[in-house]
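J.: I'm passing along query.cif; it holds mmCIF, C-alpha atoms.
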data_run
loop_
_atom_site.label_atom_id
_atom_site.label_comp_id
_atom_site.auth_asym_id
_atom_site.auth_seq_id
_atom_site.Cartn_x
_atom_site.Cartn_y
_atom_site.Cartn_z
CA MET A 295 0.00 0.00 0.00
CA ASN A 296 1.06 3.62 -0.48
CA ASP A 297 1.46 6.45 2.05
CA SER A 298 -2.16 7.47 2.29
CA GLU A 299 -3.52 3.92 2.41
CA PHE A 300 -1.03 3.12 5.14
CA CYS A 301 -2.01 6.18 7.19
CA GLU A 302 -5.68 5.40 6.76
CA HIS A 303 -5.16 1.80 7.80
CA LEU A 304 -3.36 2.79 10.98
CA GLU A 305 -5.47 5.90 11.60
CA ILE A 306 -2.49 8.23 11.76
CA GLU A 307 -1.71 11.58 10.17
CA VAL A 308 0.73 11.75 7.26
CA THR A 309 2.92 14.08 9.33
CA VAL A 310 3.20 11.36 11.98
CA LEU A 311 4.29 8.89 9.33
CA HIS A 312 6.94 11.31 8.12
CA VAL A 313 8.33 11.64 11.63
CA TRP A 314 8.51 7.86 11.97
CA VAL A 315 10.33 7.49 8.68
CA GLU A 316 12.63 10.41 9.49
CA GLN A 317 13.53 8.76 12.80
CA ARG A 318 14.12 5.52 10.90
CA TRP A 319 11.57 3.75 13.08
CA LEU A 320 10.11 2.77 9.72
CA VAL A 321 12.20 2.19 6.61
CA PRO A 322 9.66 1.53 3.85
CA ARG A 323 10.74 0.38 0.43
CA ARG A 324 11.01 3.09 -2.19
CA ALA A 325 8.68 3.01 -5.16
CA GLY A 326 9.30 5.76 -7.68
CA SER A 327 8.89 9.04 -5.82
CA GLY A 328 6.93 7.50 -2.93
CA TRP A 329 6.97 4.61 -0.54
CA ILE A 330 5.44 1.15 -0.49
CA PHE A 331 4.31 -0.36 2.79
CA GLU A 332 3.91 -4.05 3.40
CA GLU A 333 2.72 -6.35 6.16
CA ASP A 334 5.96 -6.12 8.12
CA ASP A 335 5.80 -2.30 8.09
CA ILE A 336 2.23 -2.43 9.38
CA ALA A 337 3.20 -4.78 12.19
CA ARG A 338 6.10 -2.53 13.07
CA ALA A 339 3.88 0.54 13.00
CA ARG A 340 1.45 -1.21 15.39
CA LEU A 341 4.33 -1.75 17.77
CA ILE A 342 5.23 1.93 17.59
CA GLN A 343 1.61 2.76 18.30
CA ASP A 344 1.57 0.41 21.29
CA LEU A 345 4.71 2.01 22.65
CA THR A 346 3.62 5.63 22.18
CA GLY A 347 -0.04 5.02 23.08
CA PRO A 348 -1.13 2.73 25.90
CA MET A 349 2.40 1.97 27.08
CA GLY A 350 3.21 5.64 27.52
CA VAL A 351 6.70 5.56 26.03
CA ASN A 352 7.87 8.96 24.81
CA SER A 353 9.61 9.49 21.52
CA ASP A 354 13.14 9.22 22.95
CA GLY A 355 12.10 5.98 24.58
CA VAL A 356 10.73 4.64 21.30
CA ASP A 357 14.01 5.55 19.65
CA VAL A 358 15.97 3.54 22.19
CA ALA A 359 13.50 0.66 22.11
CA MET A 360 13.52 0.36 18.32
CA GLN A 361 17.30 0.44 18.12
CA LEU A 362 17.66 -2.26 20.75
CA LEU A 363 14.90 -4.29 19.14
CA ASP A 364 16.63 -4.15 15.77
CA GLN A 365 19.84 -5.29 17.40
CA ILE A 366 18.01 -8.15 19.09
CA HIS A 367 16.51 -9.31 15.83
CA GLY A 368 19.86 -9.04 14.09
CA LEU A 369 21.37 -11.07 16.90
CA ARG A 370 18.55 -13.62 16.86
CA GLY A 371 19.05 -14.03 13.14
CA ARG A 372 22.75 -14.75 13.47
CA LEU A 373 22.19 -16.95 16.51
CA HIS A 374 19.61 -18.90 14.57
CA ALA A 375 22.06 -19.37 11.69
CA LEU A 376 24.71 -20.46 14.18
CA MET A 377 22.34 -23.00 15.75
CA THR A 378 21.44 -24.35 12.33
CA ALA A 379 25.13 -24.73 11.53
CA ILE A 380 25.78 -26.51 14.82
CA ARG A 381 22.79 -28.79 14.32
CA SER A 382 24.18 -29.88 10.97
CA GLN A 383 27.33 -31.16 12.67
CA ASP A 384 28.08 -34.63 13.95
CA PRO A 385 26.19 -35.43 17.19
CA ASP A 386 29.59 -35.74 18.88
CA VAL A 387 30.61 -32.29 17.74
CA GLN A 388 27.27 -30.88 18.89
CA ARG A 389 27.71 -32.39 22.33
CA LEU A 390 31.26 -31.08 22.50
CA ILE A 391 30.14 -27.55 21.68
CA LEU A 392 27.27 -27.70 24.16
CA SER A 393 29.53 -28.91 26.94
CA ARG A 394 31.88 -26.00 26.29
CA VAL A 395 28.97 -23.52 26.35
CA ASP A 396 27.97 -24.83 29.79
CA ASP A 397 31.55 -24.44 30.98
CA GLU A 398 31.55 -20.72 30.22
CA MET B 180 -6.28 -18.48 33.88
CA PRO B 181 -7.86 -15.59 35.77
CA SER B 182 -11.45 -15.14 34.78
CA SER B 183 -11.95 -11.51 35.63
CA PRO B 184 -10.24 -8.63 33.82
CA TYR B 185 -9.61 -7.07 37.24
CA GLU B 186 -7.56 -10.12 38.22
CA THR B 187 -5.81 -10.13 34.86
CA LEU B 188 -4.59 -6.58 35.42
CA GLY B 189 -4.11 -7.14 39.15
CA VAL B 190 -6.33 -4.23 40.22
CA SER B 191 -9.27 -4.07 42.60
CA ARG B 192 -12.88 -3.67 41.46
CA ASP B 193 -12.94 -0.06 42.60
CA ALA B 194 -9.68 0.88 40.85
CA THR B 195 -9.65 4.30 39.18
CA GLN B 196 -8.98 4.68 35.46
CA LYS B 197 -5.52 5.91 36.39
CA ASP B 198 -4.82 2.76 38.41
CA ILE B 199 -6.02 0.63 35.52
CA GLN B 200 -3.87 2.46 32.99
CA SER B 201 -0.75 2.25 35.12
CA ALA B 202 -1.32 -1.45 35.82
CA TYR B 203 -1.72 -2.08 32.11
CA ARG B 204 1.43 -0.13 31.25
CA LYS B 205 3.49 -2.15 33.67
CA LEU B 206 2.20 -5.46 32.32
CA ALA B 207 2.33 -4.44 28.67
CA LYS B 208 5.94 -3.38 28.92
CA LYS B 209 6.75 -6.77 30.40
CA LEU B 210 4.56 -8.87 28.12
CA HIS B 211 4.45 -7.19 24.70
CA PRO B 212 5.36 -9.92 22.20
CA ASP B 213 7.63 -7.56 20.30
CA LEU B 214 9.59 -6.91 23.45
CA ASN B 215 9.78 -10.68 24.05
CA PRO B 216 10.56 -12.01 20.59
CA GLY B 217 11.53 -15.46 21.82
CA ASP B 218 8.75 -16.03 24.37
CA LYS B 219 5.80 -17.81 22.77
CA GLY B 220 3.67 -17.47 25.91
CA ALA B 221 4.04 -13.71 25.97
CA GLU B 222 1.53 -13.30 23.16
CA GLU B 223 -1.30 -15.10 25.02
CA ARG B 224 -0.66 -13.18 28.20
CA PHE B 225 -0.38 -9.90 26.35
CA LYS B 226 -3.66 -10.55 24.55
CA ALA B 227 -5.40 -11.29 27.84
CA VAL B 228 -3.99 -8.14 29.41
CA SER B 229 -4.90 -6.05 26.36
CA ALA B 230 -8.42 -7.45 26.29
CA ALA B 231 -8.85 -6.72 29.98
CA TYR B 232 -7.56 -3.21 29.48
CA ALA B 233 -9.77 -2.63 26.46
CA LEU B 234 -12.74 -3.61 28.55
CA LEU B 235 -11.92 -1.77 31.76
CA SER B 236 -10.57 1.40 30.17
CA ASP B 237 -13.93 1.91 28.46
CA GLU B 238 -16.27 3.15 31.18
CA GLU B 239 -19.35 1.97 29.31
CA LYS B 240 -18.06 -1.57 28.80
CA ARG B 241 -16.67 -1.67 32.32
CA GLY B 242 -20.17 -0.83 33.65
CA LYS B 243 -21.73 -3.54 31.50
CA PHE B 244 -19.20 -6.07 32.76
CA ASP B 245 -19.71 -4.99 36.37
CA ARG B 246 -23.46 -5.44 35.95
CA GLY B 247 -22.87 -8.84 34.36
CA GLU B 248 -24.22 -7.80 30.97
CA ILE B 249 -21.09 -8.99 29.14
CA ASP B 250 -18.43 -11.49 30.08
CA GLU B 251 -14.69 -10.87 30.14
CA THR B 252 -14.38 -11.64 26.44
CA GLY B 253 -16.91 -8.92 25.64
CA ALA B 254 -14.16 -6.86 24.09
CA GLU B 255 -13.24 -8.59 20.94
CA THR B 256 -9.79 -7.69 19.71
CA ALA B 257 -9.03 -7.86 16.04
CA PRO B 258 -6.55 -10.56 15.11
CA ARG B 259 -3.18 -9.01 14.79
CA ASN B 260 0.24 -9.83 13.45
CA PHE B 261 3.17 -8.76 15.54
CA TYR B 262 6.35 -7.33 14.15
CA ARG B 263 8.36 -10.19 15.60
CA ASP B 264 6.67 -12.52 13.12
CA TYR B 265 8.34 -10.60 10.29
CA ALA B 266 11.65 -9.69 11.81
CA GLY B 267 14.37 -11.96 10.58
CA ALA B 268 12.19 -13.40 7.84
CA GLY B 269 14.33 -11.87 5.14
CA GLY B 270 12.20 -8.90 4.17
CA THR B 271 13.45 -6.84 7.06
CA ALA B 272 17.12 -7.69 6.81
CA GLY B 273 18.35 -4.75 4.81
CA ARG B 274 16.20 -2.19 6.57
CA TYR B 275 15.66 -3.02 10.20
CA GLU B 276 18.04 -5.61 11.50
CA SER B 277 21.10 -4.15 13.03
CA ALA B 278 24.43 -5.86 13.55
CA HIS B 279 26.23 -3.12 15.30
CA GLY B 280 25.25 -4.11 18.79
CA PHE B 281 27.19 -7.34 18.75
CA GLN B 282 30.25 -6.95 16.62
CA ASP B 283 32.16 -7.71 19.77
CA PHE B 284 31.19 -11.36 19.39
CA GLY B 285 33.34 -11.49 16.32
CA ASP B 286 36.35 -9.39 17.14
CA LYS B 287 38.60 -12.29 18.01
CA ASP B 288 40.91 -13.44 15.31
CA ASP B 289 39.21 -16.75 14.58
CA ILE B 290 36.89 -18.32 12.03
CA PHE B 291 33.90 -16.57 13.63
CA SER B 292 35.38 -13.12 13.24
CA SER B 293 33.13 -12.17 10.35
CA PHE B 294 30.10 -14.23 11.36
CA PHE B 295 28.40 -11.63 13.53
CA SER B 296 29.01 -8.62 11.35
CA ARG B 297 27.60 -9.75 8.06
CA ARG B 298 24.03 -8.76 7.67
CA GLY B 299 21.53 -5.95 7.89
CA ARG B 300 21.70 -2.19 7.80
CA GLY B 301 24.22 -2.52 10.55
CA GLN B 302 26.69 -3.78 8.01
CA GLN B 303 29.06 -1.27 9.47
CA SER B 304 32.48 -0.72 8.16
CA MET B 305 35.03 -2.20 10.51
CA ARG B 306 38.59 -1.14 11.08
CA GLY B 307 41.16 -3.77 10.16
CA GLN B 308 42.90 -5.85 12.78
CA ASP B 309 46.24 -4.79 14.18
CA SER B 310 49.16 -7.01 13.22
CA HIS B 311 51.77 -7.84 15.82
CA PHE B 312 55.48 -8.23 15.15
CA SER B 313 58.61 -8.25 17.21
CA MET B 314 62.09 -7.09 16.35
CA GLU B 315 65.52 -7.25 17.98
CA ILE B 316 67.74 -4.21 17.73
CA ASP B 317 71.14 -3.25 19.12
CA LEU B 318 71.41 -1.06 22.17
CA LEU B 319 73.07 1.74 20.21
CA GLU B 320 70.28 1.67 17.61
CA ALA B 321 67.77 2.01 20.44
CA VAL B 322 69.68 4.84 22.10
CA ASN B 323 70.56 6.85 19.04
CA GLY B 324 67.64 5.93 16.77
CA ALA B 325 67.85 4.02 13.50
CA LYS B 326 66.01 3.20 10.33
CA LYS B 327 65.17 -0.48 9.95
CA GLN B 328 63.19 -2.64 7.58
CA ILE B 329 60.80 -5.25 8.85
CA SER B 330 59.69 -8.04 6.55
CA LEU B 331 56.26 -9.53 7.11
CA PRO B 332 55.77 -13.26 7.72
CA GLY B 333 53.13 -13.46 4.97
CA GLY B 334 55.34 -11.86 2.35
CA GLY B 335 54.48 -8.50 0.86
CA PRO B 336 56.69 -5.45 0.78
CA ALA B 337 58.98 -4.86 3.76
CA LEU B 338 57.93 -2.03 6.05
CA ASP B 339 60.23 0.88 6.81
CA LEU B 340 60.48 1.35 10.53
CA THR B 341 62.00 4.39 12.18
CA ILE B 342 63.38 3.62 15.63
CA PRO B 343 63.23 6.90 17.52
CA PRO B 344 66.24 7.81 19.71
CA GLY B 345 65.69 6.69 23.29
CA THR B 346 63.64 3.59 22.45
CA ARG B 347 63.55 1.17 25.38
CA ASP B 348 63.50 -2.61 25.60
CA GLY B 349 59.86 -3.82 25.62
CA GLN B 350 58.53 -0.69 23.95
CA THR B 351 55.93 -1.10 21.19
CA LEU B 352 56.23 0.95 18.04
CA ARG B 353 53.14 1.55 15.91
CA LEU B 354 52.98 1.83 12.14
CA ARG B 355 49.62 3.37 11.48
CA GLY B 356 47.56 1.71 8.75
CA LYS B 357 50.10 -1.07 8.11
CA GLY B 358 47.99 -3.82 9.73
CA GLU B 359 45.16 -5.84 8.21
CA PRO B 360 42.97 -4.06 5.66
CA GLY B 361 39.60 -2.73 6.89
CA HIS B 362 36.16 -4.03 5.90
CA ASN B 363 33.81 -2.01 3.75
CA GLY B 364 36.31 0.71 3.06
CA ALA B 365 37.21 1.30 6.69
CA ALA B 366 40.73 2.16 7.78
CA ALA B 367 43.35 -0.57 7.95
CA GLY B 368 44.63 -1.67 11.34
CA ASP B 369 48.07 -0.80 12.64
CA ALA B 370 51.25 -2.83 12.68
CA LEU B 371 52.49 -3.07 16.27
CA ILE B 372 56.16 -3.92 16.67
CA ASP B 373 57.50 -5.13 20.02
CA ILE B 374 61.07 -3.97 20.40
CA ARG B 375 63.64 -6.19 22.10
CA VAL B 376 67.00 -4.56 22.75
CA ARG B 377 69.97 -6.93 22.59
CA PRO B 378 72.39 -6.63 25.54
CA HIS B 379 75.58 -4.73 24.61
CA PRO B 380 79.01 -6.30 25.30
CA LEU B 381 80.32 -3.09 26.89
CA PHE B 382 77.46 -0.87 27.99
CA GLN B 383 75.37 -2.27 30.85
CA VAL B 384 72.09 -0.41 31.18
CA ASP B 385 71.08 0.29 34.78
CA GLY B 386 67.80 2.19 34.78
CA GLU B 387 68.54 5.67 33.45
CA ASP B 388 72.28 5.14 33.81
CA VAL B 389 74.82 3.02 32.00
CA ARG B 390 77.82 1.33 33.62
CA TYR B 391 80.98 -0.06 32.08
CA ASP B 392 84.66 -0.79 32.68
CA ILE B 393 87.50 1.04 30.96
CA PRO B 394 91.03 -0.38 30.91
CA ILE B 395 93.87 2.04 31.64
CA SER B 396 97.58 1.49 31.38
CA LEU B 397 99.90 1.39 34.35
CA SER B 398 101.47 4.73 33.44
CA GLU B 399 98.03 6.37 33.03
CA ALA B 400 97.12 5.00 36.46
CA VAL B 401 100.32 6.31 38.07
CA LEU B 402 100.73 9.60 36.30
CA GLY B 403 97.15 10.46 35.32
CA GLY B 404 96.33 12.15 32.04
CA LYS B 405 93.78 12.58 29.29
CA ILE B 406 92.24 9.43 27.82
CA ARG B 407 89.56 8.78 25.19
CA VAL B 408 86.54 7.00 26.63
CA PRO B 409 83.78 5.55 24.42
CA THR B 410 80.19 6.50 25.30
CA MET B 411 76.95 5.46 23.67
CA ASP B 412 76.95 8.52 21.46
CA GLY B 413 80.66 8.72 20.65
CA ALA B 414 84.04 8.94 22.43
CA VAL B 415 84.84 11.77 24.83
CA ASN B 416 88.07 13.03 26.43
CA VAL B 417 88.31 12.31 30.12
CA THR B 418 91.04 13.47 32.46
CA ILE B 419 92.07 10.91 35.02
CA PRO B 420 93.90 12.16 38.08
CA PRO B 421 97.41 10.86 38.97
CA HIS B 422 97.37 7.75 41.15
CA SER B 423 94.03 6.37 39.89
CA ASN B 424 93.45 2.86 41.16
CA THR B 425 91.51 -0.03 39.65
CA GLY B 426 87.89 0.28 40.79
CA LYS B 427 87.86 4.07 40.71
CA VAL B 428 84.55 5.23 39.22
CA LEU B 429 84.24 8.30 37.04
CA ARG B 430 80.84 9.83 36.37
CA LEU B 431 80.20 11.15 32.86
CA LYS B 432 77.25 13.43 33.32
CA GLY B 433 74.43 13.15 30.77
CA LYS B 434 75.97 10.17 28.96
CA GLY B 435 73.35 7.67 30.16
CA MET B 436 69.95 6.70 28.77
CA ARG B 437 67.43 9.24 27.54
CA LYS B 438 64.85 9.82 30.28
CA PRO B 439 61.17 9.62 29.30
CA GLY B 440 60.55 13.03 30.85
CA GLY B 441 63.54 14.66 29.11
CA GLY B 442 67.23 14.80 29.96
CA HIS B 443 69.65 11.91 30.25
CA GLY B 444 71.02 9.65 32.94
CA ASP B 445 74.76 9.37 33.55
CA ALA B 446 77.50 6.99 32.55
CA TYR B 447 79.57 5.42 35.38
CA VAL B 448 82.95 4.31 34.15
CA THR B 449 85.04 1.98 36.30
CA LEU B 450 88.79 2.09 35.72
CA LYS B 451 90.77 -1.16 35.42
CA ILE B 452 94.53 -1.09 35.41
CA THR B 453 95.81 -3.37 32.67
CA LEU B 454 99.42 -4.37 32.10
CA ALA B 455 100.78 -4.41 28.57
CA PRO B 456 100.36 -7.80 26.87
CA HIS B 457 104.07 -8.44 26.81
CA ALA B 458 106.44 -8.18 29.75
CA ASP B 459 108.88 -5.27 29.62
CA PRO B 460 112.36 -6.01 31.12
CA SER B 461 112.98 -2.39 32.06
CA LEU B 462 109.73 -2.25 34.05
CA ALA B 463 110.64 -5.52 35.75
CA ALA B 464 114.14 -4.16 36.58
CA PHE B 465 112.61 -0.99 38.02
CA VAL B 466 110.14 -2.83 40.24
CA GLU B 467 112.93 -5.21 41.31
CA GLY B 468 114.85 -2.27 42.78
CA TRP B 469 111.72 -0.52 44.16
CA ALA B 470 111.89 -1.08 47.92
CA ALA B 471 108.67 0.74 48.87
CA GLY B 472 106.72 -1.24 46.27
CA LYS B 473 107.88 -4.52 47.76
CA ALA B 474 106.98 -3.45 51.30
CA GLU B 475 103.37 -2.63 50.34
CA ASP B 476 100.82 -5.31 51.32
CA PRO B 477 97.49 -4.64 49.51
CA ARG B 478 95.87 -7.58 51.33
CA LYS B 479 96.56 -6.42 54.85
CA ASN B 480 92.97 -5.38 55.54
CA LEU B 481 91.28 -8.49 54.14
CA GLY B 482 91.03 -10.25 57.51
CA GLY B 483 90.92 -14.02 57.78
CA ASN B 484 94.03 -16.16 58.27
CA ALA B 485 96.33 -14.74 55.64
#
Show how you would write the structure in this file as structure tokens.

T.:
Amino acid sequence: MNDSEFCEHLEIEVTVLHVWVEQRWLVPRRAGSGWIFEEDDIARARLIQDLTGPMGVNSDGVDVAMQLLDQIHGLRGRLHALMTAIRSQDPDVQRLILSRVDDE
Amino acid sequence: MPSSPYETLGVSRDATQKDIQSAYRKLAKKLHPDLNPGDKGAEERFKAVSAAYALLSDEEKRGKFDRGEIDETGAETAPRNFYRDYAGAGGTAGRYESAHGFQDFGDKDDIFSSFFSRRGRGQQSMRGQDSHFSMEIDLLEAVNGAKKQISLPGGGPALDLTIPPGTRDGQTLRLRGKGEPGHNGAAAGDALIDIRVRPHPLFQVDGEDVRYDIPISLSEAVLGGKIRVPTMDGAVNVTIPPHSNTGKVLRLKGKGMRKPGGGHGDAYVTLKITLAPHADPSLAAFVEGWAAGKAEDPRKNLGGNA
């Protein structure tokens, strides 16, 4: 969906959307001169709304939260890849790695 | 599972709207699925809390519930997808995921070094690793400075290394940008060179000072005179007084090591009387007829049973 459909869907003003994009809380894909919003952007926007609305987080707080969240998802992604790689190893190797992790 | 929205939020039946809002905020911050991406149960609990809040924060619905006109599910929430269901699914990688919070996982020099810094908008440029080398140099090169070449173990062009005057044993010299190349156009690391200073056969370093022995001839010892004495930065003329014995120490001010705070330590030169390599009959004849020399006992104060 485009800018105005997105704003209508979420019941927000276009100026609010521009602030979110400016803050990089949302990074929509470019399409010609405008933006295109997809399901993941909507879900992310709902999170921003939860934070700023009922949860009472101010805009600096949202900034911190989104940055940490993006780091967590980056980390989860790499951790997931690491787990997949470990799972593809010999059972003996897997056990060896696990025993070392518990030693730490 | 608590049946009443009051229990779900942990507030009493006569709680004010403010109480209800603050209770919800506390729970939501703890339970929001997007703030608990790995906790499957968080979604159920968050939904229950949100439903309870939706009901109780609406005075009209809260009244209906209190009067028993609707049950606790009276507030139907629209099905909703959370952001966590998309994060990491590929579509968000270039835009939202960030790697720059955990590059430290990969900063050791092993096979995992690039694993944690690969993906996402956080594909930050990373400065190259420092390379470590060691080099042995002579004491005089360390004291006076020198230009050396260091060849790298992996081949490649040799590096020019300037040893600054006053370099000490154990000091590390840095060649900026001569380490491993950086990632994504970032600066290269530095080459760090550990300097070992070889011991010198003559000059013995003692902190800021330097100590060494200087041989003198018998006639220099008896008559005194000017002699040339080597120092770390070239020979100097030194006057030795008549009747200078072995073991006499001369201090050459400022001829020691360069001090870190400026200035130099001193050189302490110990004189050692040395006979000529070949015997001289005239000297032997003189000493033979030298009564006072024969009467002298240099060991008289040694003690023990001489």

J.: Would you pick out the contacts of B:His379 at 9 Å or less, using all atoms listed in the file, so that residues sharing its chain but fewer than 6 positions from it are not included, and give the list as a list in words?

T.: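 Near neighbours after the sequence-gap exclusion: Asp317, Leu318 and Leu319 of chain B.
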
J.: Specify as a list of chain:residue names all residues of chain B found within 7 Å of chain A, counting only C-alpha atoms.

T.: B:Arg204, B:Ala207, B:Lys208, B:Asn260, B:Phe261, B:Tyr262, B:Tyr265, B:Ala266, B:Gly267, B:Arg274, B:Tyr275, B:Glu276, B:Ser277, B:Ala278, B:Gly280, B:Phe295

J.: Show me, as an mmCIF file with C-alpha atoms, keeping the file's coordinate frame, the residues that have an atom within 10 Å of A:Asn296 when counting only C-alpha atoms, minus same-chain residues fewer than 6 positions from it.

T.:
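Listing of out_24.cif after writing:
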data_model
loop_
_atom_site.group_PDB
_atom_site.id
_atom_site.type_symbol
_atom_site.label_atom_id
_atom_site.label_comp_id
_atom_site.auth_asym_id
_atom_site.auth_seq_id
_atom_site.Cartn_x
_atom_site.Cartn_y
_atom_site.Cartn_z
ATOM 1 C CA PRO A 322 9.660 1.530 3.850
ATOM 2 C CA ALA A 325 8.680 3.010 -5.160
ATOM 3 C CA GLY A 328 6.930 7.500 -2.930
ATOM 4 C CA TRP A 329 6.970 4.610 -0.540
ATOM 5 C CA ILE A 330 5.440 1.150 -0.490
ATOM 6 C CA PHE A 331 4.310 -0.360 2.790
ATOM 7 C CA GLU A 332 3.910 -4.050 3.400
#

J.: Would you work out the distance separating atom CA of B:Gly307 from atom CA of B:Ala366, expressed in Å to one decimal?

T.: 6.4 Å

J.: Set the distance at 9 Å and use all atoms listed in the file: which residues neighbour B:Thr453 once local chain neighbours fewer than 2 positions away are removed? I'd like the list as a list in words.

T.: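 Non-adjacent residues within range: Pro394, Ile395, Ser396, Leu397, Thr425, Lys451, Ala455 and Pro456 of chain B.
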
J.: Name the residues that the PyMOL selection byres ((chain B and resi 368) around 10) pulls out of this structure, and write them as a PyMOL selection string.

T.: chain B and resi 305-310+354-361+365-367+369-371
